[in-house]
Amino acid sequence: TALMMVAEQRDISLEAAYDAATQYVPARRPGDPSEVASVISFLLSQGASYLTGAIIPIDGGASAVDVAALLYENDH
């Protein structure tokens with residue numbers, strides 16, 4: 001995976017590579033499984049009955065920026 005490549009290139013642990021990648025996420029933290037579950041719960045509810053064909057990223061804003069490019073851009 002991309003994180004494994006970053007860890008190898010920087011000679012750091014996979015956990016450190018994960019920390020480096022998530023620092024660029026606009027939410028400034030990794031997501032929690034319960035946050036994904038909340039969106040899924042909404043999609044299964046009547047509140048989403050008129051919602052069709054939508055793509056709903058649950059990524060803390062990462063899709064708004066090219067996190068992978070930033071990770072390599074700041075590579076030392």
# chains A, B, ... in the order shown; residues from 1 in each chain; ligands from 1
call {"tool": "residues_around", "arguments": {"residues": "region 31-36 of chain A", "least_positions_apart": "2", "cutoff": "9 Å", "atoms": "only C-alpha atoms", "output": "VMD selection string"}}
result
chain A and resid 27 29 38 to 41 58 to 60
call {"tool": "write_last_selection", "arguments": {"atoms": "all heavy atoms", "output": "PDB file, in the first residue's frame"}}
result
ATOM      1  N   ALA A  27      -9.471  17.445   8.863  1.00  0.00           N
ATOM      2  CA  ALA A  27     -10.001  17.228  10.213  1.00  0.00           C
ATOM      3  C   ALA A  27      -8.872  17.065  11.236  1.00  0.00           C
ATOM      4  O   ALA A  27      -9.113  17.081  12.442  1.00  0.00           O
ATOM      5  CB  ALA A  27     -10.915  16.011  10.249  1.00  0.00           C
ATOM      6  N   ARG A  29      -7.177  14.546  12.117  1.00  0.00           N
ATOM      7  CA  ARG A  29      -7.193  13.322  12.924  1.00  0.00           C
ATOM      8  C   ARG A  29      -7.735  12.188  12.071  1.00  0.00           C
ATOM      9  O   ARG A  29      -8.451  12.420  11.101  1.00  0.00           O
ATOM     10  CB  ARG A  29      -8.056  13.491  14.166  1.00  0.00           C
ATOM     11  CG  ARG A  29      -9.519  13.733  13.834  1.00  0.00           C
ATOM     12  CD  ARG A  29     -10.374  13.843  15.087  1.00  0.00           C
ATOM     13  NE  ARG A  29     -11.760  14.077  14.751  1.00  0.00           N
ATOM     14  CZ  ARG A  29     -12.611  13.167  14.307  1.00  0.00           C
ATOM     15  NH1 ARG A  29     -12.230  11.926  14.123  1.00  0.00           N
ATOM     16  NH2 ARG A  29     -13.866  13.486  14.048  1.00  0.00           N
ATOM     17  N   SER A  38     -22.326   6.096  11.724  1.00  0.00           N
ATOM     18  CA  SER A  38     -23.381   7.111  11.803  1.00  0.00           C
ATOM     19  C   SER A  38     -23.901   7.491  10.427  1.00  0.00           C
ATOM     20  O   SER A  38     -25.109   7.663  10.225  1.00  0.00           O
ATOM     21  CB  SER A  38     -22.864   8.368  12.511  1.00  0.00           C
ATOM     22  OG  SER A  38     -22.601   8.100  13.856  1.00  0.00           O
ATOM     23  N   VAL A  39     -23.002   7.619   9.459  1.00  0.00           N
ATOM     24  CA  VAL A  39     -23.424   7.959   8.098  1.00  0.00           C
ATOM     25  C   VAL A  39     -24.205   6.791   7.492  1.00  0.00           C
ATOM     26  O   VAL A  39     -25.244   6.992   6.854  1.00  0.00           O
ATOM     27  CB  VAL A  39     -22.225   8.338   7.216  1.00  0.00           C
ATOM     28  CG1 VAL A  39     -22.652   8.569   5.774  1.00  0.00           C
ATOM     29  CG2 VAL A  39     -21.535   9.579   7.767  1.00  0.00           C
ATOM     30  N   ILE A  40     -23.735   5.594   7.709  1.00  0.00           N
ATOM     31  CA  ILE A  40     -24.440   4.412   7.202  1.00  0.00           C
ATOM     32  C   ILE A  40     -25.826   4.329   7.820  1.00  0.00           C
ATOM     33  O   ILE A  40     -26.814   4.052   7.127  1.00  0.00           O
ATOM     34  CB  ILE A  40     -23.628   3.123   7.469  1.00  0.00           C
ATOM     35  CG1 ILE A  40     -22.356   3.144   6.618  1.00  0.00           C
ATOM     36  CG2 ILE A  40     -24.460   1.883   7.176  1.00  0.00           C
ATOM     37  CD1 ILE A  40     -21.361   2.071   6.976  1.00  0.00           C
ATOM     38  N   SER A  41     -25.918   4.580   9.109  1.00  0.00           N
ATOM     39  CA  SER A  41     -27.209   4.559   9.789  1.00  0.00           C
ATOM     40  C   SER A  41     -28.163   5.585   9.169  1.00  0.00           C
ATOM     41  O   SER A  41     -29.344   5.290   8.936  1.00  0.00           O
ATOM     42  CB  SER A  41     -27.007   4.850  11.278  1.00  0.00           C
ATOM     43  OG  SER A  41     -28.233   4.859  11.955  1.00  0.00           O
ATOM     44  N   ILE A  58     -16.548   9.928   3.567  1.00  0.00           N
ATOM     45  CA  ILE A  58     -16.450   9.996   5.028  1.00  0.00           C
ATOM     46  C   ILE A  58     -14.952   9.936   5.336  1.00  0.00           C
ATOM     47  O   ILE A  58     -14.430   8.912   5.751  1.00  0.00           O
ATOM     48  CB  ILE A  58     -17.205   8.818   5.692  1.00  0.00           C
ATOM     49  CG1 ILE A  58     -18.593   8.671   5.109  1.00  0.00           C
ATOM     50  CG2 ILE A  58     -17.281   9.008   7.206  1.00  0.00           C
ATOM     51  CD1 ILE A  58     -19.275   7.370   5.479  1.00  0.00           C
ATOM     52  N   ASP A  59     -14.289  11.052   5.050  1.00  0.00           N
ATOM     53  CA  ASP A  59     -12.831  11.040   5.094  1.00  0.00           C
ATOM     54  C   ASP A  59     -12.209  12.256   5.775  1.00  0.00           C
ATOM     55  O   ASP A  59     -11.033  12.538   5.593  1.00  0.00           O
ATOM     56  CB  ASP A  59     -12.278  10.901   3.682  1.00  0.00           C
ATOM     57  CG  ASP A  59     -12.645  12.065   2.772  1.00  0.00           C
ATOM     58  OD1 ASP A  59     -13.278  13.027   3.250  1.00  0.00           O
ATOM     59  OD2 ASP A  59     -12.303  12.006   1.576  1.00  0.00           O
ATOM     60  N   GLY A  60     -12.990  12.974   6.549  1.00  0.00           N
ATOM     61  CA  GLY A  60     -12.452  14.118   7.270  1.00  0.00           C
ATOM     62  C   GLY A  60     -11.966  15.249   6.378  1.00  0.00           C
ATOM     63  O   GLY A  60     -11.206  16.094   6.805  1.00  0.00           O
TER      64      GLY A  60
END
call {"tool": "atom_distance", "arguments": {"atom1": "CA of Asp66 (chain A)", "atom2": "CA of Met5 (chain A)"}}
result
16.8 Å
call {"tool": "residues_around", "arguments": {"residues": "Leu14 (chain A)", "least_positions_apart": "3", "cutoff": "8 Å", "atoms": "only C-alpha atoms", "output": "PyMOL selection string"}}
result
chain A and resi 3-4+7+17-18
call {"tool": "decode", "arguments": {"residues": "region 55-69 of chain A", "atoms": "N, CA and C atoms", "output": "mmCIF file, in the first residue's frame"}}
result
data_model
loop_
_atom_site.group_PDB
_atom_site.id
_atom_site.type_symbol
_atom_site.label_atom_id
_atom_site.label_comp_id
_atom_site.auth_asym_id
_atom_site.auth_seq_id
_atom_site.Cartn_x
_atom_site.Cartn_y
_atom_site.Cartn_z
ATOM 1 N N ILE A 55 -22.450 10.349 -3.814
ATOM 2 C CA ILE A 55 -21.191 9.877 -3.256
ATOM 3 C C ILE A 55 -20.934 10.720 -2.016
ATOM 4 N N ILE A 56 -20.856 10.061 -0.889
ATOM 5 C CA ILE A 56 -20.676 10.764 0.374
ATOM 6 C C ILE A 56 -19.346 10.319 0.982
ATOM 7 N N PRO A 57 -18.301 11.113 0.776
ATOM 8 C CA PRO A 57 -17.017 10.728 1.365
ATOM 9 C C PRO A 57 -17.033 10.913 2.880
ATOM 10 N N ILE A 58 -16.548 9.928 3.567
ATOM 11 C CA ILE A 58 -16.450 9.996 5.028
ATOM 12 C C ILE A 58 -14.952 9.936 5.336
ATOM 13 N N ASP A 59 -14.289 11.052 5.050
ATOM 14 C CA ASP A 59 -12.831 11.040 5.094
ATOM 15 C C ASP A 59 -12.209 12.256 5.775
ATOM 16 N N GLY A 60 -12.990 12.974 6.549
ATOM 17 C CA GLY A 60 -12.452 14.118 7.270
ATOM 18 C C GLY A 60 -11.966 15.249 6.378
ATOM 19 N N GLY A 61 -12.386 15.219 5.123
ATOM 20 C CA GLY A 61 -11.985 16.253 4.174
ATOM 21 C C GLY A 61 -10.801 15.870 3.314
ATOM 22 N N ALA A 62 -10.292 14.653 3.476
ATOM 23 C CA ALA A 62 -9.105 14.229 2.718
ATOM 24 C C ALA A 62 -9.330 14.260 1.210
ATOM 25 N N SER A 63 -10.558 14.013 0.769
ATOM 26 C CA SER A 63 -10.812 14.028 -0.672
ATOM 27 C C SER A 63 -10.797 15.443 -1.245
ATOM 28 N N ALA A 64 -10.817 16.451 -0.386
ATOM 29 C CA ALA A 64 -10.759 17.838 -0.841
ATOM 30 C C ALA A 64 -9.324 18.274 -1.134
ATOM 31 N N VAL A 65 -8.360 17.523 -0.623
ATOM 32 C CA VAL A 65 -6.950 17.804 -0.876
ATOM 33 C C VAL A 65 -6.286 16.518 -1.340
ATOM 34 N N ASP A 66 -5.172 16.629 -2.002
ATOM 35 C CA ASP A 66 -4.429 15.445 -2.432
ATOM 36 C C ASP A 66 -3.440 15.085 -1.336
ATOM 37 N N VAL A 67 -3.933 14.355 -0.353
ATOM 38 C CA VAL A 67 -3.134 14.015 0.825
ATOM 39 C C VAL A 67 -1.871 13.265 0.429
ATOM 40 N N ALA A 68 -1.976 12.337 -0.500
ATOM 41 C CA ALA A 68 -0.811 11.559 -0.909
ATOM 42 C C ALA A 68 0.263 12.459 -1.518
ATOM 43 N N ALA A 69 -0.146 13.404 -2.342
ATOM 44 C CA ALA A 69 0.827 14.310 -2.954
ATOM 45 C C ALA A 69 1.511 15.171 -1.888
#
